[in-house]
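With compact mmCIF, C-alpha atoms and all ligand atoms inside, this is model-v4.txt:
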# COMPACT_ATOMS: atom_id res chain seq x y z
CA MET E 1 54.73 22.99 -32.08
CA GLU E 2 53.49 19.36 -32.05
CA LEU E 3 55.71 16.87 -30.22
CA SER E 4 55.88 13.24 -31.37
CA VAL E 5 53.95 10.71 -29.24
CA ASN E 6 57.13 9.53 -27.50
CA LYS E 7 58.25 13.08 -26.84
CA VAL E 8 54.83 13.92 -25.37
CA ASP E 9 55.11 10.97 -22.95
CA GLU E 10 58.69 11.84 -22.09
CA GLN E 11 57.89 15.49 -21.41
CA PHE E 12 54.71 14.62 -19.50
CA SER E 13 56.63 12.24 -17.23
CA LEU E 14 58.44 15.33 -15.89
CA PHE E 15 55.25 16.77 -14.38
CA PRO E 16 55.92 17.24 -10.62
CA GLY E 17 53.25 15.03 -9.05
CA THR E 18 51.29 16.27 -6.06
CA ARG E 19 48.56 15.00 -3.74
CA TYR E 20 46.24 17.88 -4.59
CA MET E 21 42.62 17.07 -3.72
CA GLY E 22 40.59 16.11 -6.80
CA SER E 23 43.63 15.85 -9.06
CA LYS E 24 42.97 13.96 -12.28
CA ASN E 25 46.53 12.62 -12.38
CA LYS E 26 45.40 8.98 -12.48
CA ILE E 27 43.14 9.47 -15.49
CA VAL E 28 44.91 12.24 -17.36
CA SER E 29 45.83 10.09 -20.37
CA LYS E 30 42.23 8.81 -20.66
CA ILE E 31 40.94 12.37 -20.57
CA GLY E 32 43.59 13.36 -23.13
CA SER E 33 42.65 10.54 -25.48
CA ILE E 34 39.02 11.70 -25.43
CA LEU E 35 39.74 15.43 -25.83
CA LEU E 36 42.62 15.54 -28.32
CA PRO E 37 40.57 14.18 -31.28
CA TYR E 38 38.48 17.38 -31.16
CA GLN E 39 41.62 19.03 -32.57
CA ARG E 40 41.26 22.46 -31.01
CA ASP E 41 44.49 24.52 -30.99
CA SER E 42 43.83 26.20 -27.67
CA PHE E 43 42.72 24.82 -24.32
CA PHE E 44 41.39 26.61 -21.24
CA ASP E 45 41.76 24.68 -17.98
CA ALA E 46 39.26 26.74 -15.99
CA PHE E 47 39.79 25.04 -12.59
CA ALA E 48 43.43 24.03 -13.00
CA GLY E 49 44.10 22.60 -9.49
CA SER E 50 47.32 20.59 -9.66
CA ASN E 51 47.73 21.64 -13.33
CA VAL E 52 48.13 18.04 -14.46
CA ILE E 53 45.60 18.41 -17.31
CA ALA E 54 47.00 21.78 -18.38
CA TYR E 55 50.52 20.34 -18.46
CA TYR E 56 49.36 17.37 -20.52
CA MET E 57 47.76 19.73 -23.04
CA LYS E 58 50.89 21.86 -23.13
CA THR E 59 52.94 18.78 -24.00
CA ALA E 60 50.39 18.04 -26.74
CA GLY E 61 51.26 21.42 -28.31
CA LYS E 62 48.15 23.42 -27.34
CA ARG E 63 48.08 27.09 -26.44
CA VAL E 64 47.03 26.58 -22.82
CA GLU E 65 45.31 29.10 -20.55
CA THR E 66 44.76 28.22 -16.91
CA ASN E 67 42.71 29.67 -14.11
CA ASP E 68 42.16 28.82 -10.45
CA PHE E 69 41.24 30.98 -7.47
CA MET E 70 43.83 29.27 -5.27
CA ALA E 71 47.26 30.90 -5.44
CA ILE E 72 48.90 27.49 -4.79
CA SER E 73 47.49 26.35 -8.13
CA TYR E 74 48.26 29.62 -9.93
CA ILE E 75 51.97 29.66 -9.06
CA VAL E 76 52.36 26.12 -10.48
CA SER E 77 50.68 27.34 -13.68
CA LYS E 78 52.95 30.34 -13.77
CA ALA E 79 56.05 28.16 -13.15
CA ILE E 80 55.52 25.40 -15.72
CA ILE E 81 52.60 26.35 -17.99
CA GLU E 82 53.12 30.07 -18.73
CA ASN E 83 56.87 29.90 -18.18
CA SER E 84 58.81 28.28 -20.99
CA THR E 85 62.43 29.34 -20.39
CA GLU E 86 63.27 30.51 -16.86
CA ARG E 87 64.83 28.23 -14.24
CA LEU E 88 66.25 28.81 -10.76
CA SER E 89 70.04 28.61 -10.67
CA PRO E 90 71.97 26.84 -7.86
CA LYS E 91 73.17 30.26 -6.73
CA GLU E 92 69.60 31.54 -6.41
CA VAL E 93 68.58 28.40 -4.51
CA ALA E 94 71.51 28.90 -2.13
CA PHE E 95 70.44 32.52 -1.59
CA ILE E 96 66.84 31.45 -0.81
CA VAL E 97 67.82 28.80 1.73
CA ASP E 98 70.79 30.51 3.39
CA ASN E 99 70.48 34.29 3.27
CA LYS E 100 69.68 35.54 6.77
CA ASN E 101 66.80 37.97 7.31
CA ASP E 102 64.61 38.98 10.22
CA ASN E 103 61.26 37.50 9.16
CA THR E 104 59.67 35.68 12.13
CA PHE E 105 55.99 35.67 11.16
CA ILE E 106 55.57 31.91 10.74
CA ALA E 107 57.71 31.00 13.75
CA GLU E 108 55.47 33.17 15.93
CA LYS E 109 52.02 32.75 14.40
CA PHE E 110 52.25 29.01 13.72
CA TYR E 111 54.39 28.08 16.72
CA ASP E 112 54.01 24.39 17.54
CA LEU E 113 51.22 23.83 15.00
CA TYR E 114 52.57 22.18 11.84
CA PHE E 115 56.37 22.15 11.88
CA GLU E 116 59.24 22.24 14.39
CA ARG E 117 60.85 25.57 15.33
CA GLU E 118 63.87 25.24 12.98
CA GLU E 119 61.56 24.32 10.12
CA ASN E 120 59.40 27.39 10.74
CA GLU E 121 62.55 29.50 10.81
CA PHE E 122 63.58 28.00 7.48
CA LEU E 123 60.17 28.89 6.04
CA ASP E 124 60.39 32.47 7.34
CA ARG E 125 63.85 32.89 5.86
CA ALA E 126 63.04 31.27 2.50
CA ARG E 127 59.73 33.12 2.08
CA ALA E 128 61.33 36.53 2.66
CA ASN E 129 64.23 35.73 0.31
CA ILE E 130 61.85 34.56 -2.43
CA GLU E 131 60.08 37.91 -2.17
CA SER E 132 63.25 39.66 -3.27
CA LEU E 133 63.51 37.68 -6.54
CA LYS E 134 62.73 40.02 -9.43
CA ASN E 135 61.86 37.52 -12.15
CA PRO E 136 58.19 36.45 -11.77
CA TYR E 137 58.82 32.97 -13.21
CA LYS E 138 61.76 32.24 -10.93
CA LYS E 139 59.66 33.46 -8.05
CA ALA E 140 56.82 31.13 -9.11
CA ILE E 141 59.19 28.13 -9.29
CA ALA E 142 60.52 28.96 -5.82
CA LEU E 143 57.03 29.34 -4.33
CA ALA E 144 55.75 26.19 -6.03
CA ALA E 145 58.76 24.30 -4.62
CA LEU E 146 58.21 25.72 -1.13
CA VAL E 147 54.53 24.71 -1.19
CA ARG E 148 55.42 21.25 -2.44
CA ALA E 149 58.01 20.91 0.34
CA CYS E 150 55.42 21.79 3.02
CA MET E 151 52.85 19.38 1.58
CA LYS E 152 55.40 16.57 1.30
CA LYS E 153 56.54 16.93 4.88
CA ARG E 154 53.03 17.19 6.28
CA PRO E 155 51.15 13.95 7.14
CA ARG E 156 48.53 13.47 4.39
CA GLY E 157 49.73 16.71 2.79
CA ILE E 158 47.05 18.80 4.54
CA PHE E 159 46.59 21.42 7.26
CA THR E 160 43.18 20.58 8.73
CA PHE E 161 44.73 19.37 11.98
CA VAL E 162 47.69 20.45 14.07
CA GLY E 163 50.52 18.36 15.46
CA HIS E 164 51.57 15.01 14.08
CA ARG E 165 48.47 12.90 13.98
CA TYR E 166 48.75 10.31 11.15
CA ASP E 167 52.55 10.57 11.34
CA ASP E 168 53.47 7.24 9.77
CA GLY E 169 57.22 7.86 9.91
CA ARG E 170 57.42 8.09 6.13
CA ALA E 171 60.77 9.15 4.73
CA ASP E 172 59.03 12.29 3.44
CA ILE E 173 58.11 13.31 6.98
CA ARG E 174 61.62 12.73 8.28
CA LYS E 175 63.30 14.78 5.55
CA THR E 176 63.84 18.48 6.31
CA LEU E 177 61.90 21.19 4.52
CA LYS E 178 65.18 22.40 3.08
CA GLU E 179 65.80 18.98 1.52
CA HIS E 180 62.27 18.83 0.14
CA PHE E 181 62.60 22.37 -1.18
CA THR E 182 65.83 21.79 -3.09
CA GLU E 183 64.50 18.53 -4.54
CA SER E 184 61.29 20.24 -5.58
CA VAL E 185 63.17 23.09 -7.27
CA THR E 186 64.95 20.49 -9.41
CA LEU E 187 61.60 18.91 -10.33
CA PHE E 188 60.02 22.23 -11.31
CA ASN E 189 63.16 23.36 -13.17
CA ASP E 190 63.14 20.11 -15.14
CA ALA E 191 59.46 20.47 -15.98
CA VAL E 192 59.95 23.87 -17.68
CA PHE E 193 59.71 23.64 -21.47
CA ASP E 194 58.64 25.63 -24.49
CA ASN E 195 55.87 24.24 -26.69
CA GLY E 196 56.09 27.21 -29.05
CA GLN E 197 52.78 28.69 -27.81
CA ALA E 198 52.09 31.70 -25.60
CA CYS E 199 50.51 29.91 -22.63
CA THR E 200 49.07 32.01 -19.79
CA ALA E 201 47.99 31.63 -16.16
CA ARG E 202 45.27 33.48 -14.23
CA ASN E 203 44.21 33.64 -10.58
CA GLU E 204 40.55 34.65 -10.70
CA LYS E 205 37.07 33.36 -10.03
CA THR E 206 36.05 31.25 -13.00
CA GLU E 207 32.50 32.59 -12.87
CA THR E 208 33.76 36.02 -13.93
CA THR E 209 36.54 35.08 -16.35
CA GLN E 210 36.54 34.99 -20.17
CA THR E 211 38.45 33.05 -22.83
CA ASP E 212 38.69 32.69 -26.60
CA CYS E 213 40.12 29.15 -26.41
CA GLY E 214 38.67 26.54 -28.76
CA MET E 215 38.15 24.09 -25.91
CA VAL E 216 37.23 24.79 -22.27
CA TYR E 217 37.72 22.12 -19.61
CA LEU E 218 35.66 22.41 -16.43
CA ASP E 219 36.57 20.44 -13.33
CA PRO E 220 35.08 22.40 -10.43
CA PRO E 221 34.71 21.11 -6.87
CA TYR E 222 31.27 19.51 -6.97
CA PHE E 223 28.80 19.68 -4.18
CA THR E 224 28.33 16.23 -2.61
CA PRO E 225 26.48 15.72 0.67
CA ASN E 226 29.31 13.81 2.37
CA SER E 227 32.54 15.20 1.10
CA ASP E 228 34.75 18.06 2.09
CA ASN E 229 35.80 20.00 -0.95
CA ASP E 230 36.89 23.17 0.77
CA TYR E 231 40.34 23.84 -0.65
CA VAL E 232 41.12 26.68 1.75
CA ARG E 233 40.32 24.56 4.82
CA ARG E 234 42.69 21.86 3.58
CA TYR E 235 45.51 24.03 2.25
CA HIS E 236 45.17 27.36 4.14
CA PHE E 237 48.75 27.25 5.47
CA VAL E 238 50.41 26.92 2.05
CA GLU E 239 47.88 29.26 0.41
CA GLY E 240 48.72 31.85 3.09
CA LEU E 241 52.43 31.21 2.58
CA VAL E 242 52.16 32.01 -1.15
CA ARG E 243 50.03 35.11 -0.50
CA ASN E 244 52.23 36.12 2.43
CA TRP E 245 48.93 36.20 4.39
CA GLU E 246 48.32 39.59 2.77
CA SER E 247 44.65 40.65 2.91
CA LEU E 248 43.80 37.33 4.54
CA GLU E 249 42.18 37.47 7.91
CA ILE E 250 43.45 34.65 10.08
CA GLN E 251 40.67 33.30 12.30
CA GLU E 252 42.57 33.56 15.56
CA HIS E 253 40.05 31.50 17.51
CA THR E 254 40.67 28.42 15.35
CA LEU E 255 43.17 25.80 16.45
CA THR E 256 44.60 25.60 12.94
CA LYS E 257 44.84 29.41 12.51
CA LYS E 258 43.14 29.15 9.15
CA PHE E 259 41.71 32.10 7.31
CA LYS E 260 38.18 32.41 5.99
CA SER E 261 37.44 30.22 2.94
CA PHE E 262 36.96 31.79 -0.48
CA PRO E 263 33.31 31.29 -1.33
CA SER E 264 32.68 29.11 -4.40
CA PRO E 265 29.17 28.65 -5.77
CA PHE E 266 30.18 25.28 -7.26
CA SER E 267 30.49 23.58 -3.90
CA ASN E 268 27.28 25.00 -2.49
CA ARG E 269 24.00 23.06 -2.73
CA GLN E 270 21.83 26.12 -3.32
CA GLN E 271 24.10 27.85 -5.82
CA ALA E 272 25.67 25.01 -7.82
CA HIS E 273 22.88 24.54 -10.36
CA LYS E 274 22.72 28.17 -11.45
CA ALA E 275 26.50 28.50 -11.33
CA PHE E 276 26.81 25.67 -13.85
CA GLU E 277 24.17 27.13 -16.13
CA ASP E 278 25.99 30.46 -16.13
CA LEU E 279 29.36 28.80 -16.75
CA ILE E 280 28.11 26.82 -19.73
CA ASP E 281 26.41 29.91 -21.12
CA ASN E 282 29.60 31.92 -20.69
CA PHE E 283 31.75 29.41 -22.59
CA LYS E 284 29.19 28.36 -25.21
CA LYS E 285 31.38 29.44 -28.16
CA SER E 286 34.01 26.81 -27.24
CA VAL E 287 33.87 23.03 -27.16
CA ILE E 288 33.00 22.39 -23.50
CA ALA E 289 34.42 19.38 -21.64
CA ILE E 290 33.22 18.73 -18.08
CA SER E 291 34.64 16.24 -15.60
CA TYR E 292 31.93 14.92 -13.38
CA SER E 293 31.54 12.23 -10.72
CA SER E 294 28.37 10.28 -10.13
CA ASN E 295 27.62 11.32 -6.54
CA SER E 296 27.53 15.05 -7.23
CA LEU E 297 25.07 17.87 -7.78
CA PRO E 298 23.83 18.95 -10.27
CA THR E 299 22.87 15.43 -11.34
CA ARG E 300 24.24 13.80 -14.46
CA ASP E 301 20.94 14.33 -16.33
CA GLU E 302 20.68 17.96 -15.30
CA LEU E 303 24.21 18.69 -16.46
CA GLN E 304 23.65 16.91 -19.75
CA ALA E 305 20.45 18.91 -20.33
CA MET E 306 22.29 22.17 -19.65
CA LEU E 307 24.92 21.32 -22.26
CA LYS E 308 22.26 20.27 -24.78
CA ARG E 309 20.69 23.70 -24.56
CA HIS E 310 23.79 25.20 -26.21
CA LYS E 311 25.51 22.33 -28.02
CA LYS E 312 24.44 20.24 -31.02
CA LYS E 313 26.31 17.16 -29.91
CA VAL E 314 26.79 16.01 -26.32
CA VAL E 315 28.75 12.84 -25.60
CA VAL E 316 29.06 11.35 -22.12
CA HIS E 317 32.17 9.21 -21.61
CA GLU E 318 32.40 6.97 -18.57
CA ILE E 319 35.82 6.61 -16.98
CA ASP E 320 36.33 3.89 -14.39
CA HIS E 321 38.14 5.50 -11.51
CA LEU E 322 38.53 4.91 -7.80
CA TYR E 323 39.52 7.93 -5.75
CA SER E 324 42.18 7.11 -3.24
CA PHE E 325 41.65 10.00 -0.86
CA GLY E 326 40.01 13.36 -0.47
CA ASN E 327 36.55 12.09 0.27
CA GLN E 328 35.33 9.99 3.15
CA ASN E 329 33.06 8.10 0.81
CA HIS E 330 35.77 6.90 -1.54
CA LYS E 331 37.90 4.73 0.68
CA ILE E 332 40.19 2.27 -1.06
CA GLY E 333 39.09 -1.35 -1.05
CA ASN E 334 35.42 -0.76 -0.49
CA PRO E 335 33.59 -1.48 -3.75
CA SER E 336 30.43 0.25 -2.53
CA ASN E 337 32.47 3.42 -2.49
CA ARG E 338 33.20 3.24 -6.18
CA VAL E 339 32.24 6.52 -7.76
CA LYS E 340 31.74 6.74 -11.49
CA GLU E 341 33.75 9.40 -13.20
CA TYR E 342 32.34 10.94 -16.39
CA LEU E 343 33.61 13.28 -19.03
CA PHE E 344 30.89 15.24 -20.84
CA VAL E 345 31.85 16.84 -24.12
CA GLY E 346 29.55 19.32 -25.83
CA SER E 347 30.54 20.42 -29.34
C1 LIG T 401 38.58 19.38 -8.64
S1 LIG T 401 39.80 20.62 -8.51
C2 LIG T 401 40.54 20.65 -10.10
C3 LIG T 401 41.48 19.51 -10.28
C4 LIG T 401 42.31 19.58 -11.53
N1 LIG T 401 41.53 19.33 -12.72
C5 LIG T 401 43.45 18.58 -11.42
O1 LIG T 401 43.46 17.60 -12.18
O2 LIG T 401 44.28 18.76 -10.55
C6 LIG T 401 38.85 22.08 -8.45
C7 LIG T 401 39.64 23.39 -8.42
O3 LIG T 401 38.71 24.46 -8.57
C8 LIG T 401 39.18 25.58 -7.83
N2 LIG T 401 38.01 26.46 -7.62
C9 LIG T 401 36.92 26.22 -6.86
N3 LIG T 401 36.01 27.19 -7.01
C10 LIG T 401 36.55 28.08 -7.88
C11 LIG T 401 36.08 29.30 -8.43
N4 LIG T 401 34.89 29.78 -8.12
N5 LIG T 401 36.88 29.95 -9.31
C12 LIG T 401 38.11 29.46 -9.63
N6 LIG T 401 38.60 28.30 -9.13
C13 LIG T 401 37.82 27.62 -8.27
C14 LIG T 401 39.79 24.97 -6.59
O4 LIG T 401 40.75 25.84 -6.04
C15 LIG T 401 40.41 23.67 -7.14
O5 LIG T 401 41.77 23.86 -7.44
Produce structure tokens that represent the structure in this file.
Ligand SMILES: C[S@@+](CC[C@H](N)C(=O)[O-])C[C@H]1O[C@@H](n2cnc3c(N)ncnc32)[C@H](O)[C@@H]1O
Amino acid sequence: MELSVNKVDEQFSLFPGTRYMGSKNKIVSKIGSILLPYQRDSFFDAFAGSNVIAYYMKTAGKRVETNDFMAISYIVSKAIIENSTERLSPKEVAFIVDNKNDNTFIAEKFYDLYFEREENEFLDRARANIESLKNPYKKAIALAALVRACMKKRPRGIFTFVGHRYDDGRADIRKTLKEHFTESVTLFNDAVFDNGQACTARNEKTETTQTDCGMVYLDPPYFTPNSDNDYVRRYHFVEGLVRNWESLEIQEHTLTKKFKSFPSPFSNRQQAHKAFEDLIDNFKKSVIAISYSSNSLPTRDELQAMLKRHKKKVVVHEIDHLYSFGNQNHKIGNPSNRVKEYLFVGS
């Protein structure tokens, strides 16, 4: 079902914004204006992250598939990409926030690390209540809202340090997790819509996944010598919260109580080149779009050559973009830190 241009904008404005590292939220409409003219009916967002690109393509009427190995990305996909009808009712929200249970895992394990005692108790209660929801889409909305609440209340939205360093007294930090949670549920509920297509979400490693979508969009975490693109290190607390820390081994000796990172060949200097070659080979039947920034490996020329091996036409679009955070090298206001953002399209 194609929405009119105004309807697309209106629907897209309901996307619940996040501060997810590497999110393309600032350039989503530029990316859309380059990709939509290829007129493919289906779109695979293979490293979905915040899901902002997937959501944009859903509003544009595409059959969207998403994948990401982080569960915090997957539950957002499940809640607002795959889901087209289910919403959490006020009664269910009241049950999640109020129903008493005896879960104390967070209060004990993360005592005095990220949130105050009452806030940890709220998280323990809410997490256990969410587990008892039967409907997978309602559960995904609730988890997505709980993650969003934790990220909103946390200085800089991350869990690489403990305590309240960087606490700038923002209203978001002063609000309770319960307030953030209920507000976030409303945002996710409002973002649910049906575009008439059977959209789907996956939580796998992209290097071993398949798709029959007409277009594949690749936005992996690139290896750069100076940046930190370890998603687990940044978001381990909320990732653990979604997974209930099941099968995750918390590294007890660490101050942050993080668990071991999921290995990704894309952010590893030795493995990135081959990983890209394999990825492009794997998706060669589709139009391949790749987001790329100038300070990364493989180099721009190498990546272009890889695409040319499989695709007749390769176009490199330059998108002017200044990252605002996520990388020490991209600090606002320093022109020497300007990184060029490219979109390669092989068809
Ligand atoms: C740059 S972000 C994607 C940002 C996204 N396009 C957006 O606009 O929000 C890269 C994503 O790739 C995921 N990722 C990294 N390695 C992966 C792998 N091997 N398989 C699946 N996902 C992976 C990370 O969890 C992260 O969400």
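Compared by their closest atoms to ligand LIG 401 (chain T), and using only C-alpha atoms and all ligand atoms, the residues E:Ser23, E:Thr256, E:Ser77, E:Asn67 rank with E:Ser23 nearest.
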Exercise. All residues within 8 Å of ligand LIG 401 (chain T) are required, counting only C-alpha atoms and all ligand atoms; please report them as a PyMOL selection string.
Key: chain E and resi 20-25+28+45-53+67-70+73+203-207+218-222+231-232+263-267
Quiz item: Could you tell me, as a ChimeraX atom specification, which residues have any atom at most 10 Å from (60.8, 32.6, 2.5), counting only C-alpha atoms?
Solution: /E:96-97,99,101,103,106,120-132,142-143,146,241-242,244
Quiz item: Neighbours of Phe181 (chain E) within 8 Å (all atoms listed in the file; same-chain residues fewer than 6 positions away dropped), as a list in words?
Solution: Ala145, Leu146, Arg148 and Ala149 of chain E
Quiz item: Neighbours of region 160-164 of chain E within 9 Å (all atoms listed in the file; same-chain residues fewer than 4 positions away dropped), as a PyMOL selection string?
Solution: chain E and resi 112-115+154-155+233-236+255-256+258
